[in-house]
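Trainee: So here's query.txt, just compact mmCIF, C-alpha atoms and all ligand atoms:
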# COMPACT_ATOMS: atom_id res chain seq x y z
CA MET A 16 0.00 0.00 0.00
CA THR A 17 1.27 3.44 -0.90
CA THR A 18 1.35 5.93 1.92
CA PRO A 19 1.00 9.59 0.95
CA GLU A 20 4.30 11.39 0.46
CA ILE A 21 2.98 14.76 -0.60
CA LEU A 22 0.84 16.98 1.55
CA VAL A 23 -1.39 19.53 -0.21
CA LEU A 24 -3.05 22.09 2.07
CA PHE A 25 -5.91 24.10 0.60
CA ASP A 26 -7.29 27.40 1.78
CA ILE A 27 -11.08 27.63 1.41
CA ASP A 28 -12.35 31.17 0.64
CA GLY A 29 -11.13 32.61 -2.64
CA THR A 30 -9.27 29.38 -3.40
CA LEU A 31 -11.72 26.47 -3.48
CA LEU A 32 -14.89 28.53 -3.42
CA ARG A 33 -16.51 31.92 -3.21
CA ALA A 34 -18.94 32.43 -0.35
CA ALA A 35 -20.31 35.57 -2.03
CA GLY A 36 -20.96 37.65 1.08
CA SER A 37 -22.66 34.92 3.11
CA GLY A 38 -19.71 34.70 5.49
CA ARG A 39 -19.86 38.41 6.29
CA ALA A 40 -23.63 38.23 6.84
CA ALA A 41 -23.27 35.24 9.19
CA THR A 42 -20.35 36.93 10.99
CA GLU A 43 -22.43 40.02 11.62
CA ARG A 44 -25.32 38.05 13.11
CA ALA A 45 -23.10 35.79 15.20
CA MET A 46 -21.04 38.67 16.57
CA ARG A 47 -24.18 40.54 17.58
CA GLU A 48 -25.54 37.43 19.28
CA VAL A 49 -22.38 36.45 21.16
CA PHE A 50 -20.68 39.83 21.78
CA GLY A 51 -23.50 42.35 21.31
CA THR A 52 -21.44 44.38 18.82
CA VAL A 53 -19.67 44.02 15.47
CA GLY A 54 -17.19 46.84 15.96
CA LYS A 55 -15.89 48.15 12.63
CA LEU A 56 -16.90 45.05 10.66
CA ALA A 57 -18.12 47.15 7.73
CA ASP A 58 -14.54 48.25 6.95
CA TYR A 59 -12.88 44.93 7.73
CA HIS A 60 -11.16 42.69 5.16
CA PHE A 61 -11.29 39.00 6.04
CA ALA A 62 -8.86 37.80 3.37
CA GLY A 63 -6.21 35.51 4.83
CA LYS A 64 -7.15 36.20 8.44
CA THR A 65 -8.35 33.64 10.96
CA ASP A 66 -11.73 34.25 12.57
CA TRP A 67 -9.97 34.41 15.93
CA HIS A 68 -7.81 37.23 14.55
CA THR A 69 -10.93 38.93 13.16
CA LEU A 70 -12.62 38.88 16.57
CA LEU A 71 -9.51 40.25 18.29
CA THR A 72 -9.20 43.04 15.71
CA LEU A 73 -12.86 44.07 15.86
CA LEU A 74 -13.56 43.55 19.55
CA THR A 75 -10.41 44.77 21.31
CA PRO A 76 -11.29 48.42 20.52
CA GLU A 77 -14.76 47.69 21.94
CA GLY A 78 -13.22 46.81 25.31
CA PHE A 79 -13.16 43.01 25.11
CA GLY A 80 -10.15 41.21 26.57
CA GLU A 81 -8.15 38.48 24.81
CA ALA A 82 -9.12 35.80 27.32
CA GLU A 83 -12.78 36.74 27.08
CA ILE A 84 -12.71 36.42 23.29
CA GLU A 85 -10.88 33.10 23.41
CA ALA A 86 -13.35 31.70 25.95
CA ALA A 87 -16.26 32.65 23.67
CA LEU A 88 -14.89 30.84 20.58
CA PRO A 89 -16.90 27.59 21.05
CA ARG A 90 -20.12 29.59 21.45
CA TYR A 91 -19.19 31.69 18.44
CA ASP A 92 -18.58 28.55 16.35
CA THR A 93 -22.07 27.28 17.15
CA ALA A 94 -23.69 30.69 16.58
CA ILE A 95 -22.00 31.44 13.26
CA ALA A 96 -22.88 27.98 11.91
CA ARG A 97 -26.53 28.45 12.88
CA HIS A 98 -26.67 31.88 11.24
CA MET A 99 -24.81 30.65 8.17
CA ALA A 100 -27.28 27.80 7.70
CA ASP A 101 -29.99 30.44 7.82
CA VAL A 102 -28.46 33.07 5.48
CA MET A 103 -26.67 30.88 2.95
CA ARG A 104 -29.73 30.19 0.86
CA ASP A 105 -29.76 33.88 -0.08
CA TYR A 106 -26.22 33.74 -1.51
CA HIS A 107 -24.65 31.96 -4.43
CA ILE A 108 -21.87 29.97 -2.76
CA HIS A 109 -19.94 28.30 -5.56
CA ALA A 110 -16.78 26.40 -6.35
CA LEU A 111 -14.08 28.36 -8.18
CA PRO A 112 -12.97 27.33 -11.69
CA GLY A 113 -10.93 24.13 -11.74
CA ALA A 114 -11.07 23.55 -7.99
CA PRO A 115 -13.50 20.59 -7.97
CA GLU A 116 -11.60 18.90 -10.80
CA LEU A 117 -8.22 19.43 -9.08
CA VAL A 118 -9.50 18.09 -5.76
CA HIS A 119 -11.00 15.11 -7.58
CA ALA A 120 -7.74 14.41 -9.43
CA LEU A 121 -5.65 14.63 -6.27
CA GLY A 122 -8.15 12.42 -4.47
CA GLN A 123 -7.35 9.65 -6.95
CA ARG A 124 -3.67 9.73 -6.04
CA PRO A 125 -2.52 7.48 -3.19
CA ASP A 126 0.71 9.50 -2.95
CA VAL A 127 -1.12 12.72 -2.03
CA LEU A 128 -2.77 13.67 1.26
CA MET A 129 -5.13 16.63 1.06
CA GLY A 130 -5.90 18.93 3.95
CA ILE A 131 -7.67 22.19 4.73
CA ILE A 132 -6.00 25.18 6.38
CA THR A 133 -8.60 27.88 6.81
CA GLY A 134 -9.42 31.00 8.75
CA ASN A 135 -13.01 29.79 9.09
CA MET A 136 -14.53 28.44 12.28
CA PRO A 137 -14.84 24.61 12.09
CA GLN A 138 -18.58 24.23 11.45
CA MET A 139 -18.56 27.18 9.06
CA ALA A 140 -15.78 25.58 7.01
CA ASP A 141 -17.81 22.40 6.52
CA LEU A 142 -20.97 24.34 5.66
CA LYS A 143 -19.19 26.35 2.97
CA LEU A 144 -17.45 23.29 1.50
CA ARG A 145 -20.71 21.35 1.28
CA ALA A 146 -22.58 24.31 -0.20
CA ALA A 147 -19.98 24.55 -2.98
CA GLY A 148 -20.19 20.83 -3.70
CA PHE A 149 -17.09 19.58 -1.87
CA ASP A 150 -17.21 16.67 0.57
CA PRO A 151 -15.30 17.78 3.69
CA ALA A 152 -14.25 14.13 4.19
CA THR A 153 -12.13 14.41 1.02
CA PHE A 154 -9.70 16.39 3.14
CA ALA A 155 -7.98 14.04 5.57
CA VAL A 156 -6.92 16.79 7.94
CA ALA A 157 -8.17 20.28 8.73
CA VAL A 158 -7.09 23.21 10.86
CA TYR A 159 -9.40 26.10 11.55
CA GLY A 160 -9.51 29.79 12.34
CA SER A 161 -10.51 29.05 15.92
CA GLU A 162 -7.19 27.34 16.60
CA ALA A 163 -4.79 30.26 16.33
CA PRO A 164 -5.04 34.03 16.00
CA ILE A 165 -2.26 34.19 13.41
CA ARG A 166 -2.62 32.06 10.32
CA ARG A 167 0.97 30.80 10.20
CA GLN A 168 0.45 29.38 13.71
CA LEU A 169 -1.94 26.88 12.11
CA VAL A 170 0.87 25.32 10.10
CA PRO A 171 2.46 23.19 12.87
CA LEU A 172 -1.01 21.91 13.76
CA ALA A 173 -1.65 20.90 10.16
CA LEU A 174 1.65 19.05 9.96
CA GLU A 175 1.08 17.34 13.30
CA ARG A 176 -2.38 16.13 12.26
CA SER A 177 -1.12 14.91 8.90
CA GLU A 178 1.65 13.01 10.64
CA GLN A 179 -0.80 11.43 13.08
CA ARG A 180 -3.12 10.52 10.25
CA CYS A 181 -0.46 8.82 8.11
CA GLY A 182 2.12 7.77 10.66
CA ARG A 183 4.80 9.53 8.67
CA HIS A 184 6.56 12.86 8.63
CA PHE A 185 5.86 15.25 5.76
CA ASP A 186 8.94 17.12 4.76
CA PRO A 187 8.39 20.82 3.88
CA SER A 188 9.84 20.05 0.43
CA ASN A 189 6.90 17.68 -0.05
CA THR A 190 4.31 20.12 1.25
CA VAL A 191 2.37 22.54 -0.94
CA PHE A 192 0.01 25.32 0.14
CA ILE A 193 -2.65 26.53 -2.27
CA GLY A 194 -4.22 29.87 -1.36
CA ASP A 195 -5.33 33.28 -2.53
CA THR A 196 -3.62 35.66 -0.06
CA PRO A 197 -0.16 36.71 1.12
CA ASP A 198 -1.02 35.00 4.44
CA ASP A 199 -1.31 31.65 2.65
CA ILE A 200 2.05 32.22 0.98
CA ASP A 201 3.48 33.17 4.38
CA CYS A 202 2.25 29.84 5.80
CA ALA A 203 4.25 27.99 3.17
CA HIS A 204 7.35 30.11 3.62
CA SER A 205 7.21 29.75 7.41
CA ILE A 206 8.34 26.12 6.98
CA GLY A 207 10.15 26.34 3.65
CA ALA A 208 7.30 24.72 1.74
CA ARG A 209 6.00 25.64 -1.73
CA ALA A 210 3.17 28.09 -2.24
CA VAL A 211 0.81 28.07 -5.18
CA ALA A 212 -1.08 31.35 -5.25
CA VAL A 213 -4.33 31.72 -7.11
CA ALA A 214 -5.77 35.11 -8.06
CA THR A 215 -9.41 34.10 -7.65
CA GLY A 216 -9.83 35.89 -4.32
CA SER A 217 -9.65 39.57 -3.44
CA ILE A 218 -5.87 39.95 -3.83
CA SER A 219 -4.47 40.93 -7.20
CA ARG A 220 -1.95 38.90 -9.15
CA ALA A 221 0.56 41.77 -8.82
CA GLU A 222 0.30 41.84 -5.03
CA LEU A 223 0.53 38.05 -4.77
CA GLU A 224 3.65 38.06 -6.97
CA GLN A 225 5.38 40.40 -4.52
CA HIS A 226 5.22 37.65 -1.92
CA GLN A 227 7.07 35.22 -4.18
CA PRO A 228 5.03 32.07 -4.37
CA VAL A 229 6.24 29.38 -6.79
CA VAL A 230 3.56 30.55 -9.18
CA VAL A 231 0.52 32.81 -9.36
CA LEU A 232 -2.32 31.27 -11.34
CA ASP A 233 -5.41 33.02 -12.71
CA ASP A 234 -7.44 30.07 -11.45
CA LEU A 235 -7.05 26.31 -10.91
CA THR A 236 -8.17 25.22 -14.38
CA ASP A 237 -4.67 24.39 -15.65
CA GLN A 238 -4.60 21.09 -13.82
CA ALA A 239 -1.44 19.85 -15.54
CA LYS A 240 0.46 22.90 -14.34
CA VAL A 241 -0.78 22.63 -10.75
CA LEU A 242 -0.04 18.91 -10.67
CA SER A 243 3.47 19.43 -12.00
CA ILE A 244 4.19 21.88 -9.17
CA ILE A 245 2.61 19.66 -6.53
CA LEU A 246 4.51 16.63 -7.75
CA GLY A 247 7.74 18.61 -7.95
CA GLN A 248 8.25 18.15 -11.65
CA SER A 249 8.80 21.79 -12.45
CA SER A 250 10.74 24.61 -10.93
MG MG B 1 -8.60 32.68 1.20
The structure in this file should be written as structure tokens.
Mentor:
Amino acid sequence: MTTPEILVLFDIDGTLLRAAGSGRAATERAMREVFGTVGKLADYHFAGKTDWHTLLTLLTPEGFGEAEIEAALPRYDTAIARHMADVMRDYHIHALPGAPELVHALGQRPDVLMGIITGNMPQMADLKLRAAGFDPATFAVAVYGSEAPIRRQLVPLALERSEQRCGRHFDPSNTVFIGDTPDDIDCAHSIGARAVAVATGSISRAELEQHQPVVVLDDLTDQAKVLSIILGQSS
């Protein structure tokens, strides 16, 4: 039996799918329910940030303490999932071009382990994936935005879970991050892994290029190109 040798970690929003405003709507409702305020949510950009980070950024100026916010995360997870289930029917949550096909192709490969590294709360991540037609079980491991305030702090957790899952160590040279923000690229660089950036989110190709991923793609439709990078067949 082949054990996976290559770890591919996908971001969700702007990479696999577009939640089309549903996430912001659910965030607003859940923050009001759990914290009684949304702070300056209207001006806030979620891209690349964990939900824990988002809450710290929006609620610290409102007088909330770090420990208080951390303690409320489980309640927030439940609340945002409930509100998302309610609002999502009003939004067109959809997979981004090439993403379903790429995930399917990688799922056929016994040498590849796929995982999720996302800023979303756990239940929210699964709701979005399902709404866009992905089966969350396709991804053998997942780390969520409730597990660290800074995205790169999720990376050791992802590696640890992948190791536990497969009983083997994944070398950074065999690990690829696919994401749509400089924070995703930073995750890869934090361990010396490869970053594939995709310009299907809110960050421009030019800005992504400044952060020096292996490649910036317009979308994930060029499956041969993505596979060649993942499998280490191109430089
Ligand atoms: Mg993203």
Trainee: Using all atoms listed in the file, can you list as a list in words the residues within 10 Å of (-16.2, 17.8, -1.5)?
Mentor: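 Residues satisfying the cut-off, written out: Leu31, Ala110, Pro115, Val118, His119, Asp141, Leu144, Arg145, Ala146, Ala147, Gly148, Phe149, Asp150, Pro151, Ala152, Thr153 and Phe154 of chain A.
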Trainee: Which neighbours of Leu71 in chain A fall inside 9 Å, counting only C-alpha atoms, when residues of the same chain fewer than 5 positions from it are skipped, and could you give them as JSON, numbers by chain?
Mentor: {"A": [66, 76, 79, 80, 81, 84, 85, 164]}
Trainee: Hey, which residues come within 6 Å of ligand MG 1 (chain B) if we count all atoms listed in the file? Could you give them as a ChimeraX atom specification?
Mentor: /A:26-30,62-63,194-196
Trainee: Which one of A:Thr75, A:Thr215, A:Gln225, A:Thr65 sits closest to Ala140 in chain A if you count only C-alpha atoms?
Mentor: A:Thr65
Trainee: Can you write out as CSV which residues of range 155-240 of chain A fall within 12 Å of range 121-128 of chain A, alongside each residue's closest atom pair and its distance in Å to one decimal, counting only C-alpha atoms and ordering rows by chain and ascending residue number?
Mentor:
residue,atom,partner,partner_atom,distance
A:Ala155,CA,A:Leu128,CA,6.8
A:Val156,CA,A:Leu128,CA,8.5
A:Ala157,CA,A:Leu128,CA,11.3
A:Ala173,CA,A:Leu128,CA,11.5
A:Leu174,CA,A:Leu128,CA,11.1
A:Arg176,CA,A:Leu128,CA,11.3
A:Ser177,CA,A:Leu128,CA,7.9
A:Glu178,CA,A:Leu128,CA,10.4
A:Arg180,CA,A:Leu128,CA,9.5
A:Cys181,CA,A:Leu128,CA,8.7
A:Arg183,CA,A:Leu128,CA,11.4
A:His184,CA,A:Leu128,CA,11.9
A:Phe185,CA,A:Leu128,CA,9.9
A:Asn189,CA,A:Val127,CA,9.6
A:Thr190,CA,A:Leu128,CA,9.6
A:Val191,CA,A:Val127,CA,10.5
A:Gln238,CA,A:Leu121,CA,10.0
A:Ala239,CA,A:Leu121,CA,11.4
Trainee: Residues within 10 Å of (9.8, 21.1, 1.8), file coordinates, counting all atoms listed in the file: what are they? Give the list as a list in words.
Mentor: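 Here the neighbourhood of the point contains Ile21, Leu22, Phe185, Asp186, Pro187, Ser188, Asn189, Thr190, Val191, Ala203, His204, Ile206, Gly207, Ala208 and Arg209 of chain A.
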Trainee: Pick out the residues sitting within 8 Å of Asp198 in chain A, and hand them over as JSON, numbers by chain; count only C-alpha atoms, and ignore anything fewer than 5 positions along from it in its own chain.
Mentor: {"A": [63, 64, 166, 167]}
Trainee: Please write the residues from the selection above to a file, keeping C-alpha atoms, as a PDB file, in the frame of the given file.
Mentor:
ATOM      1  CA  GLY A  63      -6.210  35.510   4.830  1.00  0.00           C
ATOM      2  CA  LYS A  64      -7.150  36.200   8.440  1.00  0.00           C
ATOM      3  CA  ARG A 166      -2.620  32.060  10.320  1.00  0.00           C
ATOM      4  CA  ARG A 167       0.970  30.800  10.200  1.00  0.00           C
TER       5      ARG A 167
END
Trainee: Let me make sure I understand: among A:Leu235, A:Pro89, A:Asp105, A:Ile200, which one has the smallest atom-to-atom distance to Ile132 in chain A if we use only C-alpha atoms?
Mentor: A:Ile200
Trainee: I'd like to know which of A:Leu117, A:Cys202, A:Val102, A:Met136 is closest to Leu242 in chain A, using only C-alpha atoms.
Mentor: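 Between A:Leu117, A:Cys202, A:Val102, A:Met136, the residue approaching Leu242 in chain A most closely is A:Leu117.
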Trainee: Could you check how far CA of Phe50 in chain A sits from CA of Asp199 in chain A, in Å to one decimal?
Mentor: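 Straight-line distance from CA of Phe50 in chain A to CA of Asp199 in chain A works out to 28.4 Å.
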Trainee: Considering all atoms listed in the file, state which residue in the set A:Phe61, A:Leu24, A:Ile245, A:Val49 is at the smallest distance from Ser217 in chain A.
Mentor: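 Ranked by minimum distance to Ser217 in chain A, first place goes to A:Phe61.
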Trainee: Pick the closest to Pro228 in chain A from A:Gly216, A:Lys240, A:Tyr59, A:Asp201: which is it, counting only C-alpha atoms?
Mentor: A:Asp201
Trainee: What is the CA of Leu246 in chain A-CA of Ser219 in chain A distance in Å, reported with one decimal?
Mentor: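 Pair CA of Leu246 in chain A / CA of Ser219 in chain A returns 25.9 Å.
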Trainee: Have a look at A:Glu175, A:Glu20, A:Glu224, A:Glu48 and name the one nearest to His98 in chain A; count all atoms listed in the file.
Mentor: A:Glu48
Trainee: Between CA of Ser205 in chain A and CA of Leu172 in chain A, what is the distance, to one decimal in Å?
Mentor: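 Between CA of Ser205 in chain A and CA of Leu172 in chain A the gap works out to 13.0 Å.
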